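Colleague: This is the structure, below, for whatever I ask next.
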Amino acid sequence: MKSMKLSYILAAAVAVIALFLLFFWERPAPDRTPDPDGPHEPGDPDPNPDPDPTPDPDPAPPVDSAGIEVSFGDPGDLVEESGTGLELDLNFAPGMRFPVERPRAFANSQVYGVGGLHGPAGGQCDARNYSYPWRDNFCETRGYATPMCPAGTGHQGQDIRPPHCPPAQPDDQRTFYAVATFDGQITGLHRHVMTLTDTVGRQYKYLHLDPNQYEVALGDLVSRGQRLGVISNYFGDTPTTYHLHFEMRQSVELGGAYVMTPVSPYVALREAYLRLIEGDEDA
């Protein structure tokens with residue numbers, strides 16, 4: 001009997017000790033440090049964010065053969081009070097070769113430029129005529145039928161001044177060659193006007209070439225970039241400024257019918273010029 005009582009006493013003592021240990025024994029505090037690789041609540045910042053990527057440097061602006069930075073006005077942005085331009089950023093002759101041989105030229109108005117018939121006073125060699133940005137002058141006010149122009153009439157091409165204002169020595173003018181835009185054939189040649197027709201039927205007209213310095217003849221087959229003649233100031237009995245008047249004509253749909261008509265060369269010239277000055281064409 002005494003042994004049974006002793007057993008109960010021991011059992012009770014063990015239970016008391018176990019309860020004491022359960023409630024009063026000091027236990028280590030849980031580790032509350034967040035796991036850097038563990039899950040995160042929505043909206044919590046990433047504890048190990050990737051570094052911001054280094055931005056690519058801005059591309060260097062294009063420069064011409066004289067090291068001058070090149071810039072361009074928008075298509076259809078004509079000289080103020082010179083007409084209403086065609087605001088169409090469309091290349092009608094993708095891949096065209098620039099029609100001036102050397103990688104330096106200035107597209108702008110010879111009539112509304114300095115020294116022009118309707119331009120500011122000065123001479124044709126004024127530095128403002130040989131500077132950037134380029135200026136579109138397709139659709140400039142003229143009386144020639146040009147269905148794509150807002151007025152229905154206008155300047156049918158783009159005026160392009162040669163690399164620099166021509167010197168007085170005629171021999172030096174031979175540095176200012178006009179060249180073929182594409183492979184094709186010379187289908188027109190009259191005084192200072194030459195017409196090149198390419199293999200898909202587009203026509204390119206070159207005006208104010210020196211008729212005494214043609215490099216090709218009517219009917220000749222020519223290759224892209226081939227010299228055609230020398231840019232001059234020839235305009236019959238009345239000289240004009242030294243420039244190349246360049247036109248593009250092709251069949252386009254107008255009023256539900258296809259017609260062969262002048263189209264804006266400005267965007268094609270701009271893109272061809274960039275390829276030329278960046279070395280993607282033979283200069």
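Here's how to read the names in the structure tokens: chain A, B, ... by the order shown, residue numbers from 1 in each chain, ligand numbers from 1 in the order shown.
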Name all residues at most 9 Å from Arg102 in chain A (count only C-alpha atoms; drop same-chain ones fewer than 6 positions away) and give them as a PDB file with N, CA and C atoms, in the first residue's frame.
Modeller:
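Writing done, so here's selection30.pdb:
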```pdb
ATOM      1  N   SER A  65      30.993  65.764 -95.526  1.00  0.00           N
ATOM      2  CA  SER A  65      32.417  65.566 -95.805  1.00  0.00           C
ATOM      3  C   SER A  65      33.290  66.683 -95.259  1.00  0.00           C
ATOM      4  N   PRO A 162      25.253  72.772-105.056  1.00  0.00           N
ATOM      5  CA  PRO A 162      26.414  71.869-105.046  1.00  0.00           C
ATOM      6  C   PRO A 162      27.210  71.996-103.753  1.00  0.00           C
ATOM      7  N   PRO A 163      28.322  71.258-103.622  1.00  0.00           N
ATOM      8  CA  PRO A 163      29.049  71.214-102.346  1.00  0.00           C
ATOM      9  C   PRO A 163      29.454  72.569-101.779  1.00  0.00           C
ATOM     10  N   THR A 175      34.012  69.474-110.510  1.00  0.00           N
ATOM     11  CA  THR A 175      33.910  68.712-109.261  1.00  0.00           C
ATOM     12  C   THR A 175      32.452  68.501-108.862  1.00  0.00           C
ATOM     13  N   PHE A 176      31.550  69.206-109.520  1.00  0.00           N
ATOM     14  CA  PHE A 176      30.145  69.161-109.124  1.00  0.00           C
ATOM     15  C   PHE A 176      29.340  68.301-110.093  1.00  0.00           C
ATOM     16  N   TYR A 177      29.580  67.016-110.068  1.00  0.00           N
ATOM     17  CA  TYR A 177      28.896  66.108-110.986  1.00  0.00           C
ATOM     18  C   TYR A 177      27.522  65.698-110.478  1.00  0.00           C
ATOM     19  N   LEU A 276      24.842  58.429 -98.121  1.00  0.00           N
ATOM     20  CA  LEU A 276      26.068  58.896 -98.772  1.00  0.00           C
ATOM     21  C   LEU A 276      27.073  59.419 -97.749  1.00  0.00           C
ATOM     22  N   ILE A 277      26.632  60.283 -96.830  1.00  0.00           N
ATOM     23  CA  ILE A 277      27.588  60.868 -95.885  1.00  0.00           C
ATOM     24  C   ILE A 277      28.027  59.874 -94.831  1.00  0.00           C
ATOM     25  N   ALA A 283      31.361  57.423-102.673  1.00  0.00           N
ATOM     26  CA  ALA A 283      31.371  58.876-102.841  1.00  0.00           C
ATOM     27  C   ALA A 283      32.262  59.264-104.010  1.00  0.00           C
TER      28      ALA A 283
END
```
Colleague: Give the helix (DSSP H, G or I) residues of range 99-212 of chain A, as DSSP finds them on the backbone, and put them as a list in words.
Modeller: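 So the helix (DSSP H, G or I) residues in range 99-212 of chain A would be Ala127, Arg128, Asn129, Tyr130, Pro170, Asp171, Asp172, Gln173, Arg174, Thr175, Pro211 and Asn212 of chain A.
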Colleague: If we count only C-alpha atoms and set the cut-off at 8 Å, which residues sit around Val79 in chain A, ignoring sequence neighbours fewer than 5 positions away in its own chain? Please answer as a ChimeraX atom specification.
Modeller: /A:109,112,135,137
Colleague: Convert the current residue selection to file output with C-alpha atoms, as a PDB file, in the first residue's frame.
Modeller:
```pdb
ATOM      1  CA  SER A 109      15.057  77.171-102.612  1.00  0.00           C
ATOM      2  CA  TYR A 112      13.344  82.247-102.267  1.00  0.00           C
ATOM      3  CA  ARG A 135      14.470  73.001 -96.784  1.00  0.00           C
ATOM      4  CA  ASN A 137      10.684  73.347-101.961  1.00  0.00           C
TER       5      ASN A 137
END
```
Colleague: What does the distance from CA of Ala178 in chain A to CA of Leu86 in chain A come to in Å, to one decimal?
Modeller: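 Between CA of Ala178 in chain A and CA of Leu86 in chain A the gap is 25.4 Å.
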Colleague: Using only C-alpha atoms, find the one residue out of A:Ser131, A:Asn212, A:Thr153, A:Ser232 that sits nearest to Pro166 in chain A.
Modeller: A:Ser232
Colleague: Could I get the residues of range 65-173 of chain A with an atom no further than 12 Å from an atom of range 48-61 of chain A, each paired with its nearest atom pair and that distance in Å to one decimal, using only C-alpha atoms, sorted by chain and residue number, as a Markdown table?
Modeller:
```
| residue | atom | partner | partner_atom | distance |
| --- | --- | --- | --- | --- |
| A:Gly67 | CA | A:Pro61 | CA | 10.6 |
| A:Ile68 | CA | A:Pro61 | CA | 9.7 |
| A:Glu69 | CA | A:Pro61 | CA | 6.4 |
| A:Val70 | CA | A:Pro61 | CA | 7.3 |
| A:Ser71 | CA | A:Pro61 | CA | 8.6 |
| A:Phe72 | CA | A:Pro61 | CA | 11.8 |
```
Colleague: I'd like to know which residues of range 61-207 of chain A are strand (DSSP E) (by DSSP, run on the backbone); could you write them as a VMD selection string?
Modeller: chain A and resid 106 to 107 158 to 161 177 to 179 184 to 190 193 to 198 203 to 207
